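Below is entry.cif, holding mmCIF, C-alpha atoms (C1' of nucleotides).
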data_my_file
loop_
_atom_site.label_atom_id
_atom_site.label_comp_id
_atom_site.auth_asym_id
_atom_site.auth_seq_id
_atom_site.Cartn_x
_atom_site.Cartn_y
_atom_site.Cartn_z
CA MET A 18 0.00 0.00 0.00
CA SER A 19 1.33 3.39 -0.90
CA ARG A 20 1.68 6.06 1.67
CA SER A 21 -1.75 7.30 2.73
CA SER A 22 -2.58 10.39 4.62
CA GLN A 23 -2.33 9.67 8.30
CA THR A 24 -3.54 13.19 8.92
CA GLN A 25 -7.04 12.20 7.87
CA VAL A 26 -7.30 9.77 10.77
CA ALA A 27 -6.42 12.41 13.33
CA VAL A 28 -8.68 15.03 11.75
CA LEU A 29 -11.70 12.79 11.30
CA GLY A 30 -11.15 11.28 14.74
CA ALA A 31 -11.10 14.66 16.41
CA LEU A 32 -14.18 15.79 14.49
CA SER A 33 -15.95 12.60 15.55
CA VAL A 34 -15.75 13.86 19.13
CA GLU A 35 -17.19 17.28 18.29
CA PRO A 36 -17.38 19.75 15.40
CA MET A 37 -14.76 22.46 15.48
CA THR A 38 -12.78 24.97 13.46
CA ALA A 39 -9.45 24.23 11.85
CA TYR A 40 -7.73 26.25 14.53
CA ALA A 41 -9.45 24.39 17.35
CA LEU A 42 -8.58 21.15 15.55
CA ARG A 43 -4.92 21.94 15.73
CA GLU A 44 -5.26 22.91 19.41
CA ALA A 45 -7.10 19.71 20.21
CA ILE A 46 -4.58 17.53 18.42
CA ARG A 47 -1.69 19.24 20.16
CA ASP A 48 -3.24 19.23 23.63
CA VAL A 49 -5.07 15.92 23.64
CA LEU A 50 -3.13 13.69 21.23
CA GLY A 51 0.12 15.56 21.75
CA HIS A 52 1.86 12.74 23.56
CA PHE A 53 1.74 10.47 20.54
CA TRP A 54 0.61 12.55 17.58
CA SER A 55 1.18 15.91 15.94
CA GLU A 56 -0.19 17.87 13.02
CA SER A 57 0.68 21.26 11.60
CA PHE A 58 -1.52 23.86 9.95
CA GLY A 59 0.21 23.09 6.71
CA GLN A 60 -1.35 19.64 6.90
CA ILE A 61 -4.68 20.42 8.50
CA TYR A 62 -5.99 22.97 6.02
CA PRO A 63 -5.34 21.00 2.83
CA THR A 64 -6.64 17.85 4.52
CA LEU A 65 -9.87 19.58 5.51
CA GLN A 66 -10.28 20.84 1.97
CA ALA A 67 -9.76 17.36 0.55
CA LEU A 68 -12.16 15.87 3.08
CA GLU A 69 -14.76 18.51 2.20
CA GLU A 70 -14.44 17.76 -1.51
CA ALA A 71 -14.84 14.06 -0.77
CA GLY A 72 -17.96 14.79 1.29
CA HIS A 73 -16.47 13.45 4.50
CA VAL A 74 -16.82 16.75 6.34
CA GLN A 75 -19.13 19.76 5.94
CA ARG A 76 -18.19 23.39 6.40
CA ARG A 77 -20.69 25.37 8.43
CA GLY A 78 -20.90 29.12 8.92
CA GLY A 79 -18.38 29.72 6.22
CA THR A 80 -18.90 33.48 6.09
CA ARG A 81 -15.74 35.50 5.93
CA ALA A 82 -16.56 37.36 9.14
CA ARG A 83 -16.61 34.38 11.47
CA SER A 84 -14.93 31.04 11.52
CA SER A 85 -15.90 27.89 9.68
CA VAL A 86 -16.86 24.98 11.85
CA PHE A 87 -16.29 21.57 10.33
CA VAL A 88 -18.75 18.76 10.95
CA ILE A 89 -18.07 15.12 10.18
CA THR A 90 -20.64 13.52 7.85
CA GLU A 91 -21.97 9.99 7.74
CA SER A 92 -19.54 9.09 4.98
CA GLY A 93 -16.80 10.70 7.05
CA THR A 94 -17.55 8.40 9.96
CA ALA A 95 -17.47 5.45 7.59
CA ARG A 96 -14.15 6.67 6.21
CA LEU A 97 -12.77 7.03 9.72
CA ILE A 98 -13.70 3.45 10.59
CA GLU A 99 -12.16 2.31 7.32
CA LEU A 100 -8.93 4.17 8.05
CA LEU A 101 -8.77 2.96 11.64
CA ASN A 102 -9.03 -0.60 10.37
CA GLU A 103 -6.09 -0.23 8.01
CA PRO A 104 -2.87 -1.76 9.27
CA VAL A 105 -0.85 0.42 11.60
CA GLN A 106 1.76 2.29 9.63
CA GLU A 107 5.09 2.42 11.38
CA ASN A 108 7.01 5.59 10.87
CA PRO A 109 10.73 5.23 10.26
CA PRO A 110 12.78 5.31 13.46
CA ARG A 111 14.84 8.42 14.13
CA ASN A 112 16.28 8.51 17.61
CA GLY A 113 18.87 11.26 17.84
CA LEU A 114 20.01 10.19 21.30
CA LEU A 115 20.80 6.62 20.23
CA LEU A 116 22.50 7.90 17.10
CA ARG A 117 24.85 9.96 19.27
CA LEU A 118 25.49 7.15 21.71
CA PHE A 119 26.25 4.73 18.88
CA PHE A 120 29.11 7.00 17.88
CA GLY A 121 29.88 7.56 21.54
CA ARG A 122 33.58 6.87 21.16
CA VAL A 123 33.80 9.86 18.82
CA LEU A 124 31.63 11.97 21.12
CA GLY A 125 33.49 11.09 24.30
CA ARG A 126 32.56 9.25 27.46
CA GLU A 127 31.75 12.25 29.63
CA ARG A 128 29.53 13.83 27.00
CA CYS A 129 27.64 10.53 26.70
CA ARG A 130 27.12 10.48 30.44
CA GLU A 131 25.66 13.98 30.23
CA LEU A 132 23.27 12.88 27.52
CA LEU A 133 22.21 9.87 29.58
CA ARG A 134 21.62 11.94 32.70
CA GLY A 135 19.52 14.33 30.65
CA ALA A 136 17.50 11.48 29.20
CA ARG A 137 16.95 9.92 32.63
CA ASP A 138 15.77 13.18 34.17
CA ALA A 139 13.51 13.94 31.22
CA ALA A 140 11.98 10.48 31.44
CA ASP A 141 11.37 10.82 35.17
CA ALA A 142 9.71 14.19 34.69
CA GLN A 143 7.57 12.86 31.88
CA ARG A 144 6.45 9.89 33.94
CA ALA A 145 5.35 12.18 36.76
CA GLU A 146 3.41 14.21 34.22
CA TYR A 147 1.69 11.14 32.81
CA GLU A 148 0.76 9.88 36.27
CA GLN A 149 -0.68 13.23 37.22
CA LEU A 150 -2.68 13.33 33.99
CA LEU A 151 -3.98 9.82 34.57
CA ALA A 152 -5.07 10.66 38.12
CA ARG A 153 -6.87 13.78 36.94
CA LEU A 154 -8.62 12.03 34.06
CA THR A 155 -9.64 9.11 36.24
CA ALA A 156 -11.27 11.49 38.69
CA GLU A 157 -12.93 13.68 36.07
CA GLU A 158 -13.88 11.31 33.28
CA GLY A 159 -13.34 7.88 34.74
CA ASP A 160 -16.84 6.73 33.84
CA THR A 161 -17.12 7.97 30.26
CA PRO A 162 -17.13 5.35 27.48
CA ASP A 163 -13.95 6.75 25.95
CA PHE A 164 -11.97 6.60 29.18
CA PRO A 165 -10.67 3.01 28.95
CA TYR A 166 -9.20 3.78 25.54
CA ILE A 167 -7.68 7.11 26.49
CA ARG A 168 -6.25 5.47 29.60
CA MET A 169 -4.35 2.97 27.45
CA THR A 170 -2.55 5.76 25.63
CA ILE A 171 -1.46 7.33 28.92
CA LEU A 172 -0.40 3.94 30.27
CA ALA A 173 1.81 3.58 27.22
CA GLY A 174 3.51 6.83 28.12
CA ILE A 175 4.05 5.69 31.71
CA HIS A 176 5.53 2.36 30.67
CA HIS A 177 7.69 3.99 28.06
CA SER A 178 9.11 6.71 30.29
CA ARG A 179 9.73 4.23 33.10
CA ALA A 180 11.67 2.01 30.72
CA ALA A 181 13.63 4.97 29.39
CA ALA A 182 14.67 6.03 32.88
CA ALA A 183 15.66 2.49 33.83
CA TRP A 184 17.69 2.13 30.64
CA ALA A 185 19.51 5.42 31.14
CA GLY A 186 20.29 4.49 34.73
CA GLU A 187 21.67 1.12 33.71
CA CYS A 188 23.80 2.70 31.01
CA LEU A 189 25.18 5.26 33.43
CA GLU A 190 26.30 2.45 35.72
CA THR A 191 28.12 0.61 32.94
CA LEU A 192 29.71 3.83 31.73
CA GLN A 193 31.58 4.52 34.97
CA ASP A 194 35.14 5.71 34.66
CA PRO A 195 37.35 2.67 34.47
CA MET B 11 20.38 21.98 14.29
CA SER B 12 18.56 22.09 11.02
CA ARG B 13 16.80 18.94 10.09
CA SER B 14 19.06 18.19 7.17
CA SER B 15 22.05 17.97 9.48
CA GLN B 16 20.60 14.87 11.07
CA THR B 17 21.30 12.94 7.90
CA GLN B 18 24.84 14.26 7.91
CA VAL B 19 25.42 12.74 11.33
CA ALA B 20 24.44 9.28 10.15
CA VAL B 21 26.39 9.58 6.90
CA LEU B 22 29.57 11.00 8.44
CA GLY B 23 29.32 8.57 11.34
CA ALA B 24 29.09 5.58 9.02
CA LEU B 25 31.95 6.87 6.88
CA SER B 26 34.02 7.34 10.04
CA VAL B 27 33.94 3.57 10.46
CA GLU B 28 35.06 2.84 6.91
CA PRO B 29 34.86 4.38 3.42
CA MET B 30 32.04 3.08 1.25
CA THR B 31 29.75 3.81 -1.67
CA ALA B 32 26.39 5.51 -1.36
CA TYR B 33 24.68 2.18 -1.86
CA ALA B 34 26.74 0.50 0.84
CA LEU B 35 26.02 3.47 3.07
CA ARG B 36 22.32 2.89 2.79
CA GLU B 37 22.84 -0.83 3.47
CA ALA B 38 24.98 -0.08 6.53
CA ILE B 39 22.53 2.43 7.93
CA ARG B 40 19.64 0.03 7.43
CA ASP B 41 21.41 -3.02 8.82
CA VAL B 42 23.47 -1.50 11.64
CA LEU B 43 21.55 1.58 12.72
CA GLY B 44 18.23 0.23 11.54
CA HIS B 45 16.76 -0.20 15.01
CA PHE B 46 16.87 3.51 15.71
CA TRP B 47 17.68 5.29 12.46
CA SER B 48 16.81 5.26 8.78
CA GLU B 49 17.82 7.07 5.63
CA SER B 50 16.61 6.77 2.08
CA PHE B 51 18.50 7.15 -1.19
CA GLY B 52 16.63 10.36 -1.75
CA GLN B 53 18.44 11.75 1.29
CA ILE B 54 21.80 10.06 1.02
CA TYR B 55 22.80 11.18 -2.46
CA PRO B 56 22.09 14.90 -2.03
CA THR B 57 23.73 14.81 1.41
CA LEU B 58 26.88 13.22 0.00
CA GLN B 59 26.98 15.86 -2.71
CA ALA B 60 26.66 18.66 -0.16
CA LEU B 61 29.31 17.08 2.05
CA GLU B 62 31.63 16.74 -0.94
CA GLU B 63 31.17 20.40 -1.86
CA ALA B 64 31.93 21.36 1.74
CA GLY B 65 35.06 19.23 1.67
CA HIS B 66 33.86 16.90 4.41
CA VAL B 67 34.05 13.81 2.20
CA GLN B 68 36.07 12.91 -0.88
CA ARG B 69 34.81 10.91 -3.84
CA ARG B 70 37.17 8.22 -5.04
CA GLY B 71 36.67 6.13 -8.14
CA GLY B 72 35.89 2.59 -7.13
CA THR B 73 36.77 -0.64 -8.87
CA ARG B 74 33.70 -0.43 -11.03
CA ALA B 75 33.14 1.97 -13.85
CA ARG B 76 30.52 4.10 -12.14
CA SER B 77 30.91 3.36 -8.47
CA SER B 78 32.24 6.06 -6.21
CA VAL B 79 33.68 5.30 -2.81
CA PHE B 80 33.34 8.13 -0.32
CA VAL B 81 36.06 8.82 2.23
CA ILE B 82 35.64 11.10 5.24
CA THR B 83 38.18 13.93 5.41
CA GLU B 84 39.77 15.59 8.40
CA SER B 85 37.27 18.44 8.25
CA GLY B 86 34.53 15.82 7.96
CA THR B 87 35.62 14.24 11.22
CA ALA B 88 35.64 17.66 12.86
CA ARG B 89 32.18 18.32 11.46
CA LEU B 90 30.95 14.99 12.83
CA ILE B 91 32.20 15.82 16.32
CA GLU B 92 30.58 19.23 16.04
CA LEU B 93 27.25 17.73 14.98
CA LEU B 94 27.35 15.04 17.67
CA ASN B 95 27.76 17.75 20.28
CA GLU B 96 24.69 19.66 19.16
CA PRO B 97 21.57 19.13 21.27
CA VAL B 98 19.48 16.08 20.47
CA GLN B 99 16.62 16.97 18.19
CA GLU B 100 13.31 15.33 19.04
CA ASN B 101 11.20 14.43 16.08
CA PRO B 102 7.44 14.98 16.33
CA PRO B 103 5.63 11.97 17.74
CA ARG B 104 3.52 9.84 15.43
CA ASN B 105 2.34 6.59 16.90
CA GLY B 106 -0.27 4.98 14.68
CA LEU B 107 -1.14 2.31 17.23
CA LEU B 108 -1.92 4.79 19.99
CA LEU B 109 -3.88 6.94 17.55
CA ARG B 110 -6.10 3.96 16.78
CA LEU B 111 -6.50 2.99 20.42
CA PHE B 112 -7.40 6.54 21.38
CA PHE B 113 -10.39 6.28 19.04
CA GLY B 114 -10.93 2.72 20.24
CA ARG B 115 -14.63 3.22 20.87
CA VAL B 116 -15.08 3.94 17.16
CA LEU B 117 -12.81 1.07 16.18
CA GLY B 118 -14.44 -1.45 18.48
CA ARG B 119 -13.26 -3.36 21.50
CA GLU B 120 -12.43 -6.61 19.74
CA ARG B 121 -10.40 -4.89 17.04
CA CYS B 122 -8.47 -3.06 19.75
CA ARG B 123 -7.70 -6.35 21.43
CA GLU B 124 -6.36 -7.67 18.15
CA LEU B 125 -4.11 -4.64 17.78
CA LEU B 126 -2.84 -5.10 21.33
CA ARG B 127 -2.15 -8.79 20.84
CA GLY B 128 -0.25 -7.95 17.69
CA ALA B 129 1.76 -5.29 19.48
CA ARG B 130 2.55 -7.63 22.36
CA ASP B 131 3.70 -10.43 20.07
CA ALA B 132 5.76 -8.06 17.96
CA ALA B 133 7.41 -6.65 21.07
CA ASP B 134 8.20 -10.12 22.38
CA ALA B 135 9.72 -11.14 19.07
CA GLN B 136 11.72 -7.97 18.89
CA ARG B 137 13.06 -8.43 22.38
CA ALA B 138 14.25 -11.93 21.53
CA GLU B 139 15.94 -10.51 18.47
CA TYR B 140 17.70 -7.83 20.48
CA GLU B 141 18.88 -10.31 23.09
CA GLN B 142 20.24 -12.61 20.42
CA LEU B 143 22.02 -9.70 18.78
CA LEU B 144 23.49 -8.61 22.09
CA ALA B 145 24.76 -12.11 22.85
CA ARG B 146 26.35 -12.40 19.42
CA LEU B 147 27.99 -8.99 19.59
CA THR B 148 29.26 -9.60 23.11
CA ALA B 149 30.94 -12.79 21.97
CA GLU B 150 32.34 -11.41 18.74
CA GLU B 151 33.22 -7.81 19.54
CA GLY B 152 32.92 -7.60 23.30
CA ASP B 153 36.40 -6.18 23.70
CA THR B 154 36.41 -3.52 20.97
CA PRO B 155 36.36 0.13 22.06
CA ASP B 156 33.04 0.76 20.34
CA PHE B 157 31.26 -2.11 22.05
CA PRO B 158 30.12 -0.33 25.24
CA TYR B 159 28.42 2.31 23.12
CA ILE B 160 26.80 -0.07 20.68
CA ARG B 161 25.64 -2.15 23.62
CA MET B 162 23.72 0.82 25.00
CA THR B 163 21.69 1.16 21.82
CA ILE B 164 20.75 -2.53 21.97
CA LEU B 165 19.91 -2.25 25.66
CA ALA B 166 17.54 0.58 24.77
CA GLY B 167 15.77 -1.76 22.36
CA ILE B 168 15.50 -4.46 25.01
CA HIS B 169 14.08 -2.09 27.61
CA HIS B 170 11.70 -0.58 25.13
CA SER B 171 10.33 -3.83 23.77
CA ARG B 172 9.96 -5.27 27.27
CA ALA B 173 7.97 -2.20 28.30
CA ALA B 174 5.83 -2.41 25.17
CA ALA B 175 4.97 -6.04 25.84
CA ALA B 176 4.14 -5.33 29.49
CA TRP B 177 1.97 -2.40 28.49
CA ALA B 178 0.06 -4.39 25.87
CA GLY B 179 -0.47 -7.21 28.34
CA GLU B 180 -1.80 -4.84 30.97
CA CYS B 181 -4.13 -3.20 28.46
CA LEU B 182 -5.45 -6.57 27.34
CA GLU B 183 -6.35 -7.40 30.93
CA THR B 184 -8.27 -4.18 31.43
CA LEU B 185 -10.03 -4.60 28.09
CA GLN B 186 -11.73 -7.88 29.02
CA ASP B 187 -15.38 -8.24 28.10
CA PRO B 188 -17.42 -6.75 30.91
"C1'" DT C 17 -10.72 54.31 22.32
"C1'" DC C 18 -6.49 51.80 22.15
"C1'" DT C 19 -4.08 47.74 22.44
"C1'" DC C 20 -2.82 43.30 23.09
"C1'" DA C 21 -3.63 38.50 23.25
"C1'" DA C 22 -6.25 34.89 21.49
"C1'" DT C 23 -8.56 33.09 17.68
"C1'" DG C 24 -8.71 31.95 12.95
"C1'" DT C 25 -7.30 31.27 7.90
"C1'" DA C 26 -4.02 30.50 4.43
"C1'" DT C 27 0.23 29.70 2.15
"C1'" DC C 28 5.30 29.04 1.42
"C1'" DT C 29 9.72 26.71 1.84
"C1'" DG C 30 12.45 23.11 2.63
"C1'" DT C 31 12.75 18.24 4.41
"C1'" DT C 32 11.74 13.59 3.99
"C1'" DA C 33 10.05 8.71 2.72
"C1'" DG C 34 9.36 5.71 -0.60
"C1'" DA C 35 9.37 4.15 -4.90
"C1'" DA C 36 10.30 4.11 -9.76
"C1'" DA C 37 13.47 4.33 -13.53
"C1'" DT C 38 17.81 3.18 -15.17
"C1'" DA C 39 22.26 1.44 -15.41
"C1'" DT C 40 26.22 -1.64 -14.50
"C1'" DC C 41 28.55 -5.49 -12.62
"C1'" DT C 42 28.97 -10.55 -11.25
"C1'" DG C 43 28.49 -15.33 -11.34
"C1'" DG C 44 26.13 -19.27 -13.21
"C1'" DC C 45 24.70 -21.79 -17.04
"C1'" DA C 46 23.74 -23.23 -21.92
"C1'" DT D 16 31.43 -17.51 -25.91
"C1'" DG D 17 26.90 -15.30 -25.05
"C1'" DC D 18 22.91 -14.83 -22.16
"C1'" DC D 19 20.42 -14.22 -18.01
"C1'" DA D 20 19.24 -13.36 -13.02
"C1'" DG D 21 20.23 -10.95 -9.29
"C1'" DA D 22 23.08 -7.87 -6.70
"C1'" DT D 23 25.06 -3.40 -6.85
"C1'" DA D 24 24.68 1.46 -7.86
"C1'" DT D 25 22.77 6.08 -9.21
"C1'" DT D 26 19.31 9.40 -10.04
"C1'" DT D 27 14.95 11.45 -9.94
"C1'" DC D 28 10.00 12.09 -8.89
"C1'" DT D 29 5.86 12.61 -5.99
"C1'" DA D 30 3.37 13.25 -2.11
"C1'" DA D 31 3.59 13.70 2.87
"C1'" DC D 32 5.06 16.63 6.13
"C1'" DA D 33 7.03 20.29 9.67
"C1'" DG D 34 7.59 24.70 10.75
"C1'" DA D 35 7.34 29.27 9.87
"C1'" DT D 36 5.18 33.30 8.32
"C1'" DA D 37 1.70 36.48 7.06
"C1'" DC D 38 -2.50 38.33 7.79
"C1'" DA D 39 -7.24 39.18 9.48
"C1'" DT D 40 -10.69 39.21 13.14
"C1'" DT D 41 -12.44 39.33 17.74
"C1'" DG D 42 -12.95 40.31 22.65
"C1'" DA D 43 -11.35 41.84 27.11
"C1'" DG D 44 -9.18 45.05 29.72
"C1'" DA D 45 -6.34 49.52 30.29
#
Translate the structure of the given file into structure tokens.
Amino acid sequence: MSRSSQTQVAVLGALSVEPMTAYALREAIRDVLGHFWSESFGQIYPTLQALEEAGHVQRRGGTRARSSVFVITESGTARLIELLNEPVQENPPRNGLLLRLFFGRVLGRERCRELLRGARDAADAQRAEYEQLLARLTAEEGDTPDFPYIRMTILAGIHHSRAAAAWAGECLETLQDP
Amino acid sequence: MSRSSQTQVAVLGALSVEPMTAYALREAIRDVLGHFWSESFGQIYPTLQALEEAGHVQRRGGTRARSSVFVITESGTARLIELLNEPVQENPPRNGLLLRLFFGRVLGRERCRELLRGARDAADAQRAEYEQLLARLTAEEGDTPDFPYIRMTILAGIHHSRAAAAWAGECLETLQDP
DNA sequence: TCTCAATGTATCTGTTAGAAATATCTGGCA
DNA sequence: TGCCAGATATTTCTAACAGATACATTGAGA
């Protein structure tokens, strides 16, 4: 399968929660999906236009004076389900930290230790953030039908950041001065 | 660091190990750095041209009529060290699995469970692969100066895949039929 | 009223992945 | 010898994409 627009999934998914403007769409994607997804205006506007032409969303209140609110249509919901059912598309790995550590001999031992300490601290901070977010969401929306699914995405962040911190700590131990 | 410089790190780093052709470069990046980095021909050739113009690599006629072997120069090594010392650049997150799970209510519970089972099995398989690779490298190159650094990148893979499997397992438990 | 921040729309530039198109070399086989 | 398959090698194209910029509107407070 050739490369398909992943942006459509995020856009249609967000609009399936509630109708909103392109600007609000970008805000929602950044604030709600931000831990595992990102979109830019340069993607959102053309995508909305394509979706409108395909009949998957409708533009409402399109007067120049005020904003256009986009509403997902029936065919848009069908398209979303279709896209969600397509196989998960892995994006190519690009981990700048590991790239630097791989050439660690060139970079130098002490500089590597700095990078590892930074990674460990960042991971710890991120885990605290995820746990706080999970506690807040559990209290506020713990009984909504979407909660179990949203919770899984936060759990992923917790597991991931915990593993990252443990890895960095282990590496720091093995990278002691000889 | 501009985004294009990221490719330069991988290219110069690979050439710092040994001179090779653009084709071999792509093979090396895929096979050796593949777990945390990727480059395509569309990136490698223009990057090599830019590096040649800047004097960071030299093109040498290979054994074949049209094959060029690229050698890193002294200024190229300096450039590599400079690039390695620049701050790590995070690339925007795009996790297709989490995007699907977030809209899990639309996708359906059973389909989510399938995705999670797939993720768990993939993570388990990947962890086995990493552990095998680590064992082989430890035996074959355990006493080379680069080994401690390469080992860290494999350890990262092990930690990450272990966390991914644990996460998927935990999610599967909470996503039992009610 | 002014002004500033937030909201909102649109587009531009350069980066990148992925694949296609095209050679050229190498070894095996008739 | 000549031919073929597959590996090696180079180049180029398209669409996806990030990030920035430019601009217009609105509403709240000074």
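The list of residues with at least one atom within 9 Å of DT25 in chain C, based on all atoms listed in the file and without residues fewer than 3 positions apart in the same chain, reads Ala39, Tyr40, Tyr62 and Ser84 of chain A; DC38 and DA39 of chain D.
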Selected by the PyMOL selection byres ((chain C) within 12 of (chain A)) in the shown coordinates: which residues, as a list in words?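 Selection result, ordered by chain and number: DA22, DT23, DG24, DT25, DA26, DT27, DC28, DT29, DT32, DA33, DG34 and DA35 of chain C.
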Point-to-point distance in Å for CA of Ser57 in chain A and CA of Thr94 in chain A: 22.4 Å
Using all atoms listed in the file - which residues lie no farther than 12 Å from the point (3.1, 3.5, 29.0) in the file's frame? Write them as a ChimeraX atom specification. /A:52-53,140,143-148,151,167-181 /B:108,170-181
I would like the residues chosen by the PyMOL selection byres ((chain D) within 9 of (chain B)) on the shown file; could you give them as a short mmCIF file (atom, residue, chain, number, x, y, z; two decimals) with C-alpha atoms (C1' of nucleotides), keeping the file's coordinate frame?
data_model
loop_
_atom_site.label_atom_id
_atom_site.label_comp_id
_atom_site.auth_asym_id
_atom_site.auth_seq_id
_atom_site.Cartn_x
_atom_site.Cartn_y
_atom_site.Cartn_z
"C1'" DT D 23 25.06 -3.40 -6.85
"C1'" DA D 24 24.68 1.46 -7.86
"C1'" DT D 25 22.77 6.08 -9.21
"C1'" DT D 26 19.31 9.40 -10.04
"C1'" DT D 27 14.95 11.45 -9.94
"C1'" DA D 33 7.03 20.29 9.67
#
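Overlay of chain B onto chain A (least squares, all Cα atoms, paired in order); RMSD 1.2 Å.
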For the structure shown, which residues end up in the PyMOL selection byres ((chain A and resi 117) around 12)? Put them as a PyMOL selection string, please? (chain A and resi 111-116+118-126+128-133) or (chain B and resi 16+19-20+22-24+43+46-47+90-99+159-160+162-163)
Between CA of Arg89 in chain B and CA of Thr57 in chain B, distance in Å (one decimal):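 So the two atoms, CA of Arg89 in chain B and CA of Thr57 in chain B, lie 13.6 Å apart.
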Work out how far apart CA of Gln68 in chain B and CA of Thr83 in chain B are and give it in Å to one decimal. 6.7 Å
